[in-house]
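S.K.: entry-v8.cif (mmCIF, C-alpha atoms) pasted underneath:
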```cif
data_query
loop_
_atom_site.label_atom_id
_atom_site.label_comp_id
_atom_site.auth_asym_id
_atom_site.auth_seq_id
_atom_site.Cartn_x
_atom_site.Cartn_y
_atom_site.Cartn_z
CA MET A 1 3.63 123.37 -109.72
CA PRO A 2 2.51 124.62 -113.15
CA CYS A 3 4.81 124.38 -116.14
CA GLN A 4 4.89 126.94 -118.99
CA SER A 5 2.00 125.33 -120.85
CA GLY A 6 -0.18 125.53 -117.74
CA LEU A 7 -0.20 121.75 -117.27
CA GLN A 8 0.57 120.41 -113.80
CA TRP A 9 3.52 118.25 -112.69
CA GLU A 10 2.70 115.49 -110.21
CA THR A 11 4.18 115.99 -106.74
CA LEU A 12 6.81 113.27 -107.27
CA GLY A 13 8.08 114.88 -110.46
CA GLY A 14 6.23 112.64 -112.90
CA LEU A 15 4.20 113.88 -115.81
CA THR A 16 0.47 114.32 -115.56
CA GLU A 17 -1.77 112.21 -117.79
CA GLU A 18 -2.37 115.25 -120.03
CA VAL A 19 1.36 115.72 -120.68
CA ARG A 20 1.90 111.99 -121.16
CA GLN A 21 -0.83 111.91 -123.80
CA LEU A 22 0.65 114.95 -125.58
CA LYS A 23 4.02 113.17 -125.66
CA GLY A 24 2.41 109.94 -126.92
CA GLU A 25 3.62 107.89 -123.93
CA GLN A 26 1.97 104.62 -122.89
CA ASP A 27 1.13 103.59 -119.35
CA MET A 28 3.52 101.06 -117.85
CA SER A 29 2.17 98.14 -115.88
CA LYS A 30 3.69 94.93 -114.58
CA ALA A 31 2.97 91.55 -116.14
CA GLN A 32 4.19 87.94 -116.18
CA VAL A 33 5.78 88.04 -119.63
CA ILE A 34 6.92 84.97 -121.53
CA HIS A 35 9.77 85.62 -123.96
CA LYS A 36 10.42 81.97 -124.75
CA LEU A 37 7.74 79.30 -124.33
CA GLY A 38 8.47 76.68 -121.70
CA PRO A 39 8.43 75.91 -117.95
CA PRO A 40 7.27 78.32 -115.20
CA GLU A 41 10.76 79.82 -115.11
CA ALA A 42 10.05 81.21 -118.60
CA MET A 43 7.73 83.80 -117.04
CA GLN A 44 9.31 87.09 -115.99
CA TRP A 45 7.62 89.78 -113.84
CA GLN A 46 8.47 92.96 -115.70
CA ASP A 47 7.27 96.30 -117.02
CA TRP A 48 4.65 95.94 -119.75
CA ALA A 49 3.38 98.84 -121.85
CA VAL A 50 -0.39 99.27 -121.98
CA PRO A 51 -1.61 101.54 -124.79
CA ASP A 52 -4.79 103.57 -124.62
CA PRO A 53 -7.87 101.38 -125.13
CA ALA A 54 -8.73 100.88 -128.80
CA PRO A 55 -12.29 101.45 -130.01
CA GLY A 56 -14.55 98.87 -128.34
CA GLU A 57 -12.07 98.16 -125.51
CA VAL A 58 -11.81 99.09 -121.85
CA ARG A 59 -8.69 99.42 -119.75
CA LEU A 60 -9.00 97.56 -116.48
CA ARG A 61 -6.85 97.15 -113.39
CA HIS A 62 -6.97 93.59 -112.11
CA THR A 63 -7.98 92.95 -108.53
CA ALA A 64 -7.79 89.15 -108.98
CA VAL A 65 -6.92 86.73 -111.78
CA GLY A 66 -7.79 83.08 -112.31
CA VAL A 67 -5.09 80.46 -112.69
CA ASN A 68 -6.15 77.52 -114.84
CA PHE A 69 -4.60 74.24 -115.93
CA ALA A 70 -4.94 75.41 -119.54
CA ASP A 71 -2.41 78.16 -118.68
CA THR A 72 0.29 75.46 -118.49
CA TYR A 73 -0.53 74.51 -122.08
CA HIS A 74 -0.44 78.15 -123.16
CA ARG A 75 2.90 78.70 -121.42
CA GLY A 76 4.27 75.88 -123.57
CA GLY A 77 2.73 77.28 -126.75
CA ILE A 78 -0.01 74.64 -127.04
CA SER A 79 -3.22 76.17 -128.37
CA HIS A 80 -5.67 74.56 -125.95
CA PRO A 81 -8.41 75.55 -126.58
CA TRP A 82 -7.35 78.99 -127.88
CA PRO A 83 -4.39 80.07 -130.02
CA VAL A 84 -1.33 81.43 -128.21
CA PRO A 85 0.32 84.51 -129.77
CA GLU A 86 4.04 84.48 -130.46
CA PRO A 87 6.29 85.67 -127.58
CA PRO A 88 6.60 88.00 -125.94
CA VAL A 89 3.17 87.10 -124.59
CA VAL A 90 1.18 87.46 -121.39
CA ILE A 91 -1.05 84.45 -120.74
CA GLY A 92 -4.17 83.96 -118.60
CA PHE A 93 -7.80 84.33 -119.66
CA GLU A 94 -9.75 84.89 -116.47
CA GLY A 95 -9.83 88.04 -114.39
CA VAL A 96 -11.71 90.54 -112.26
CA GLY A 97 -10.95 94.23 -112.07
CA VAL A 98 -12.02 97.84 -112.13
CA VAL A 99 -12.43 99.85 -115.33
CA GLU A 100 -9.86 102.65 -115.58
CA GLY A 101 -10.70 103.91 -119.06
CA VAL A 102 -12.88 103.23 -122.10
CA GLY A 103 -12.22 103.35 -125.82
CA ASP A 104 -14.41 105.01 -128.42
CA GLY A 105 -17.79 103.38 -128.91
CA VAL A 106 -17.97 101.83 -125.43
CA SER A 107 -21.21 102.81 -123.74
CA ASP A 108 -22.00 99.87 -121.42
CA PHE A 109 -19.02 100.47 -119.11
CA GLN A 110 -17.52 103.48 -117.39
CA THR A 111 -14.55 104.25 -115.20
CA GLY A 112 -14.98 102.67 -111.77
CA ASP A 113 -17.19 99.74 -112.86
CA ARG A 114 -16.31 96.34 -111.37
CA VAL A 115 -15.99 93.79 -114.18
CA ALA A 116 -15.07 90.17 -114.83
CA TYR A 117 -14.16 88.03 -117.83
CA GLY A 118 -13.45 84.36 -118.47
CA ILE A 119 -12.44 84.04 -122.11
CA PRO A 120 -9.56 85.28 -124.31
CA PRO A 121 -7.87 87.31 -125.54
CA LEU A 122 -5.04 86.15 -123.29
CA GLY A 123 -3.37 88.63 -120.97
CA SER A 124 -4.78 88.34 -117.45
CA TYR A 125 -1.39 87.72 -115.80
CA SER A 126 -0.97 91.48 -115.58
CA GLU A 127 -1.77 94.41 -113.35
CA VAL A 128 -3.46 96.43 -116.11
CA ARG A 129 -4.71 95.42 -119.54
CA ASN A 130 -7.11 96.36 -122.32
CA TYR A 131 -10.01 94.00 -122.99
CA PRO A 132 -12.93 93.90 -125.47
CA ALA A 133 -15.98 95.49 -123.83
CA ASP A 134 -18.38 93.10 -125.59
CA LYS A 135 -16.84 90.15 -123.66
CA LEU A 136 -16.95 91.77 -120.21
CA LEU A 137 -19.47 91.11 -117.46
CA HIS A 138 -20.62 93.65 -114.88
CA LEU A 139 -19.75 92.31 -111.43
CA PRO A 140 -22.52 92.85 -108.88
CA ASP A 141 -21.78 94.11 -105.37
CA GLY A 142 -21.42 91.41 -102.76
CA LEU A 143 -19.35 89.01 -104.87
CA ASP A 144 -15.75 88.46 -103.81
CA ASP A 145 -13.24 89.28 -106.56
CA LYS A 146 -10.96 86.32 -105.77
CA GLN A 147 -13.84 83.83 -105.75
CA VAL A 148 -15.18 85.12 -109.06
CA ALA A 149 -11.72 84.99 -110.67
CA ALA A 150 -11.27 81.41 -109.47
CA LEU A 151 -14.72 80.17 -110.53
CA LEU A 152 -16.00 82.09 -113.55
CA MET A 153 -14.66 79.98 -116.43
CA LYS A 154 -15.21 76.71 -114.58
CA GLY A 155 -18.75 77.75 -113.69
CA MET A 156 -19.56 78.73 -117.28
CA THR A 157 -18.21 75.37 -118.48
CA ALA A 158 -20.25 73.42 -115.92
CA HIS A 159 -23.37 75.39 -116.89
CA TYR A 160 -23.10 74.67 -120.60
CA LEU A 161 -22.38 70.98 -119.96
CA LEU A 162 -25.48 70.62 -117.76
CA HIS A 163 -27.84 72.87 -119.70
CA ARG A 164 -26.69 73.21 -123.32
CA THR A 165 -24.68 70.14 -124.31
CA TYR A 166 -27.43 68.02 -122.78
CA ALA A 167 -30.20 69.44 -120.62
CA VAL A 168 -29.96 67.22 -117.55
CA GLN A 169 -33.41 66.38 -116.15
CA PRO A 170 -34.49 65.02 -112.75
CA GLY A 171 -33.88 61.27 -112.75
CA ASP A 172 -31.02 61.41 -115.30
CA THR A 173 -27.77 59.72 -114.37
CA ILE A 174 -24.54 61.50 -115.29
CA LEU A 175 -20.92 60.44 -114.85
CA VAL A 176 -18.34 63.01 -113.79
CA HIS A 177 -14.87 61.59 -114.43
CA ALA A 178 -12.96 64.07 -112.28
CA ALA A 179 -14.86 65.64 -109.41
CA ALA A 180 -11.63 66.76 -107.72
CA GLY A 181 -10.90 69.72 -110.04
CA GLY A 182 -12.62 73.07 -110.08
CA MET A 183 -15.16 72.34 -112.81
CA GLY A 184 -15.86 68.80 -111.58
CA LEU A 185 -16.50 70.11 -108.09
CA ILE A 186 -19.00 72.65 -109.43
CA LEU A 187 -20.71 69.95 -111.53
CA CYS A 188 -21.26 67.81 -108.43
CA GLN A 189 -22.71 70.55 -106.25
#
```
Could you write out this file's structure as structure tokens?
M.R.:
Amino acid sequence: MPCQSGLQWETLGGLTEEVRQLKGEQDMSKAQVIHKLGPPEAMQWQDWAVPDPAPGEVRLRHTAVGVNFADTYHRGGISHPWPVPEPPVVIGFEGVGVVEGVGDGVSDFQTGDRVAYGIPPLGSYSEVRNYPADKLLHLPDGLDDKQVAALLMKGMTAHYLLHRTYAVQPGDTILVHAAAGGMGLILCQ
């Protein structure tokens, strides 16, 4: 039903996006928020405000997130290999999702694009987040979101070890110390 300004109320009585923007409200999402660094119990599933994307950012809704051993360091406040912001903080640096909005200056992505990322800023343990567009990858059709979220960072690490740190050639012998983890498994395939 229309209100006096001509803007529409949603059927459940909530405000439309136009009204919310006029009132300066932020979207609420859910996230695993850490208020005090420590064990897994330090994480709390709660409402988390997501502002409009800043210039150069996109807003994305996660369809899958990666869980990495480094997240245990971040949960404890250990900057390995990236700095951890002061609490309250949402950790996680690997995710797949769908673009829901774009900030000023973003031209390579549009609403509805499937995307993935595997590097900070931290914040993937969330339903919705903003992320720098220049660090996003377009996700081609045919790739499973969960598989990409689980493998992207590990795959990038394996690639640079085999091709950039030292370009492994046929006949070279390499030693993989831990083939049981995600990256070690990729290295050995």
S.K.: Give me the residues within 9 Å of Ala49 of chain A as a short mmCIF file (atom, residue, chain, number, x, y, z; two decimals) with C-alpha atoms, keeping the file's coordinate frame, counting all atoms listed in the file and dropping any in the same chain fewer than 4 places off.
M.R.:
```
data_model
loop_
_atom_site.label_atom_id
_atom_site.label_comp_id
_atom_site.auth_asym_id
_atom_site.auth_seq_id
_atom_site.Cartn_x
_atom_site.Cartn_y
_atom_site.Cartn_z
CA GLN A 26 1.97 104.62 -122.89
CA ASP A 27 1.13 103.59 -119.35
CA MET A 28 3.52 101.06 -117.85
CA SER A 29 2.17 98.14 -115.88
CA LYS A 30 3.69 94.93 -114.58
#
```
S.K.: Extract, using all atoms listed in the file, all DNA, RNA and protein residues at most 8 Å from segment 132-139 of chain A, discarding same-chain residues fewer than 4 positions from it, and format them as an mmCIF file with C-alpha atoms, keeping the file's coordinate frame.
M.R.:
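Just written: selection14.cif:
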```cif
data_model
loop_
_atom_site.group_PDB
_atom_site.id
_atom_site.type_symbol
_atom_site.label_atom_id
_atom_site.label_comp_id
_atom_site.auth_asym_id
_atom_site.auth_seq_id
_atom_site.Cartn_x
_atom_site.Cartn_y
_atom_site.Cartn_z
ATOM 1 C CA GLY A 56 -14.550 98.870 -128.340
ATOM 2 C CA GLU A 57 -12.070 98.160 -125.510
ATOM 3 C CA VAL A 58 -11.810 99.090 -121.850
ATOM 4 C CA VAL A 106 -17.970 101.830 -125.430
ATOM 5 C CA ASP A 108 -22.000 99.870 -121.420
ATOM 6 C CA PHE A 109 -19.020 100.470 -119.110
ATOM 7 C CA ASP A 113 -17.190 99.740 -112.860
ATOM 8 C CA ARG A 114 -16.310 96.340 -111.370
ATOM 9 C CA VAL A 115 -15.990 93.790 -114.180
ATOM 10 C CA ALA A 116 -15.070 90.170 -114.830
ATOM 11 C CA TYR A 117 -14.160 88.030 -117.830
ATOM 12 C CA ILE A 119 -12.440 84.040 -122.110
ATOM 13 C CA LEU A 143 -19.350 89.010 -104.870
#
```
S.K.: Looking at A:Gly105, A:Gly38, A:Gly112, A:Gly181, which one is nearest to Gly76 of chain A, with distances taken over all atoms listed in the file?
M.R.: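 Looking at the shortest contact to Gly76 of chain A, the residue is A:Gly38.
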S.K.: Under the PyMOL selection byres ((chain A and resi 123) around 12), which residues of this model are included? Write them out as a count of residues only.
M.R.: 41
S.K.: Run the PyMOL selection byres ((chain A and resi 145) around 7) on the file and write out the hits as a list in words.
M.R.: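 So the PyMOL selection byres ((chain A and resi 145) around 7) ends up selecting Thr63, Ala64, Val96, Leu143, Asp144, Lys146, Gln147, Val148 and Ala149 of chain A.
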S.K.: Quick one: of A:Ala179, A:Val102, A:Val168, A:Leu152, who's nearest to Ala54 of chain A, counting only C-alpha atoms?
M.R.: A:Val102
S.K.: Find the distance between atom CA of Glu41 of chain A and atom CA of Gly155 of chain A and write it in Å to one decimal.
M.R.: 29.6 Å
S.K.: Smallest atom-to-atom distance to Thr157 of chain A: which of A:Pro170, A:Leu175, A:Pro81, A:Leu187, using all atoms listed in the file?
M.R.: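 Closest to Thr157 of chain A, using all atoms listed in the file: A:Leu187.
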S.K.: With distances taken over only C-alpha atoms, which of A:Ile186, A:Pro83, A:His177, A:Ile78 is nearest to Met153 of chain A?
M.R.: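 Among the listed residues, A:Ile186 lies closest to Met153 of chain A.
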S.K.: When distances are computed from only C-alpha atoms, which of A:Pro140, A:Gly182, A:Pro53, A:Gly171 shows the smallest separation from Ala158 of chain A?
M.R.: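 Nearest to Ala158 of chain A: A:Gly182.
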S.K.: By how many Å are atom CA of Ile174 of chain A and atom CA of Leu162 of chain A apart?
M.R.: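 Computed distance, atom CA of Ile174 of chain A to atom CA of Leu162 of chain A, equals 9.5 Å.
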S.K.: Measuring between all atoms listed in the file, which one of A:Glu86, A:Ser79, A:Pro51, A:Leu185 shows the shortest distance to Leu37 of chain A?
M.R.: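 Smallest distance to Leu37 of chain A is found for A:Glu86.
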S.K.: Kindly give the distance, in Å, that separates atom CA of His35 of chain A and atom CA of Trp82 of chain A, rounded to a single decimal.
M.R.: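 Value for the atom CA of His35 of chain A-atom CA of Trp82 of chain A distance: 18.8 Å.
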S.K.: Rebuild segment 133-157 of chain A to N, CA and C atoms - output it as a short mmCIF file (atom, residue, chain, number, x, y, z; two decimals), in the coordinates of the input, please.
M.R.:
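Output saved as result.cif:
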```cif
data_model
loop_
_atom_site.label_atom_id
_atom_site.label_comp_id
_atom_site.auth_asym_id
_atom_site.auth_seq_id
_atom_site.Cartn_x
_atom_site.Cartn_y
_atom_site.Cartn_z
N ALA A 133 -14.82 95.20 -124.68
CA ALA A 133 -15.98 95.49 -123.83
C ALA A 133 -17.12 94.51 -124.08
N ASP A 134 -17.25 93.99 -125.30
CA ASP A 134 -18.38 93.10 -125.59
C ASP A 134 -18.21 91.70 -124.97
N LYS A 135 -17.07 91.44 -124.33
CA LYS A 135 -16.84 90.15 -123.66
C LYS A 135 -16.81 90.29 -122.15
N LEU A 136 -16.99 91.51 -121.64
CA LEU A 136 -16.95 91.77 -120.21
C LEU A 136 -18.31 91.56 -119.55
N LEU A 137 -18.27 91.22 -118.27
CA LEU A 137 -19.47 91.11 -117.46
C LEU A 137 -19.40 92.16 -116.35
N HIS A 138 -20.54 92.79 -116.05
CA HIS A 138 -20.62 93.65 -114.88
C HIS A 138 -20.61 92.75 -113.65
N LEU A 139 -19.83 93.11 -112.64
CA LEU A 139 -19.75 92.31 -111.43
C LEU A 139 -20.61 92.96 -110.35
N PRO A 140 -21.65 92.26 -109.89
CA PRO A 140 -22.52 92.85 -108.88
C PRO A 140 -21.81 92.99 -107.53
N ASP A 141 -22.28 93.95 -106.73
CA ASP A 141 -21.78 94.11 -105.37
C ASP A 141 -22.06 92.82 -104.59
N GLY A 142 -21.21 92.57 -103.62
CA GLY A 142 -21.42 91.41 -102.76
C GLY A 142 -20.68 90.16 -103.20
N LEU A 143 -20.15 90.16 -104.42
CA LEU A 143 -19.35 89.01 -104.87
C LEU A 143 -17.88 89.29 -104.62
N ASP A 144 -17.17 88.32 -104.10
CA ASP A 144 -15.75 88.46 -103.81
C ASP A 144 -14.92 88.32 -105.09
N ASP A 145 -14.04 89.27 -105.34
CA ASP A 145 -13.24 89.28 -106.56
C ASP A 145 -12.43 87.99 -106.73
N LYS A 146 -11.80 87.53 -105.67
CA LYS A 146 -10.96 86.32 -105.77
C LYS A 146 -11.80 85.09 -106.08
N GLN A 147 -12.98 84.98 -105.48
CA GLN A 147 -13.84 83.83 -105.75
C GLN A 147 -14.33 83.85 -107.19
N VAL A 148 -14.71 85.02 -107.68
CA VAL A 148 -15.18 85.12 -109.06
C VAL A 148 -14.05 84.76 -110.03
N ALA A 149 -12.85 85.28 -109.78
CA ALA A 149 -11.72 84.99 -110.67
C ALA A 149 -11.40 83.50 -110.68
N ALA A 150 -11.58 82.84 -109.56
CA ALA A 150 -11.27 81.41 -109.47
C ALA A 150 -12.36 80.53 -110.07
N LEU A 151 -13.59 81.02 -110.16
CA LEU A 151 -14.72 80.17 -110.53
C LEU A 151 -15.40 80.49 -111.85
N LEU A 152 -15.19 81.65 -112.41
CA LEU A 152 -16.00 82.09 -113.55
C LEU A 152 -15.94 81.14 -114.73
N MET A 153 -14.77 80.84 -115.26
CA MET A 153 -14.66 79.98 -116.43
C MET A 153 -15.15 78.57 -116.13
N LYS A 154 -14.78 78.06 -114.96
CA LYS A 154 -15.21 76.71 -114.58
C LYS A 154 -16.73 76.65 -114.42
N GLY A 155 -17.30 77.69 -113.86
CA GLY A 155 -18.75 77.75 -113.69
C GLY A 155 -19.48 77.84 -115.02
N MET A 156 -18.93 78.64 -115.96
CA MET A 156 -19.56 78.73 -117.28
C MET A 156 -19.49 77.38 -117.99
N THR A 157 -18.36 76.68 -117.85
CA THR A 157 -18.21 75.37 -118.48
C THR A 157 -19.20 74.37 -117.89
#
```
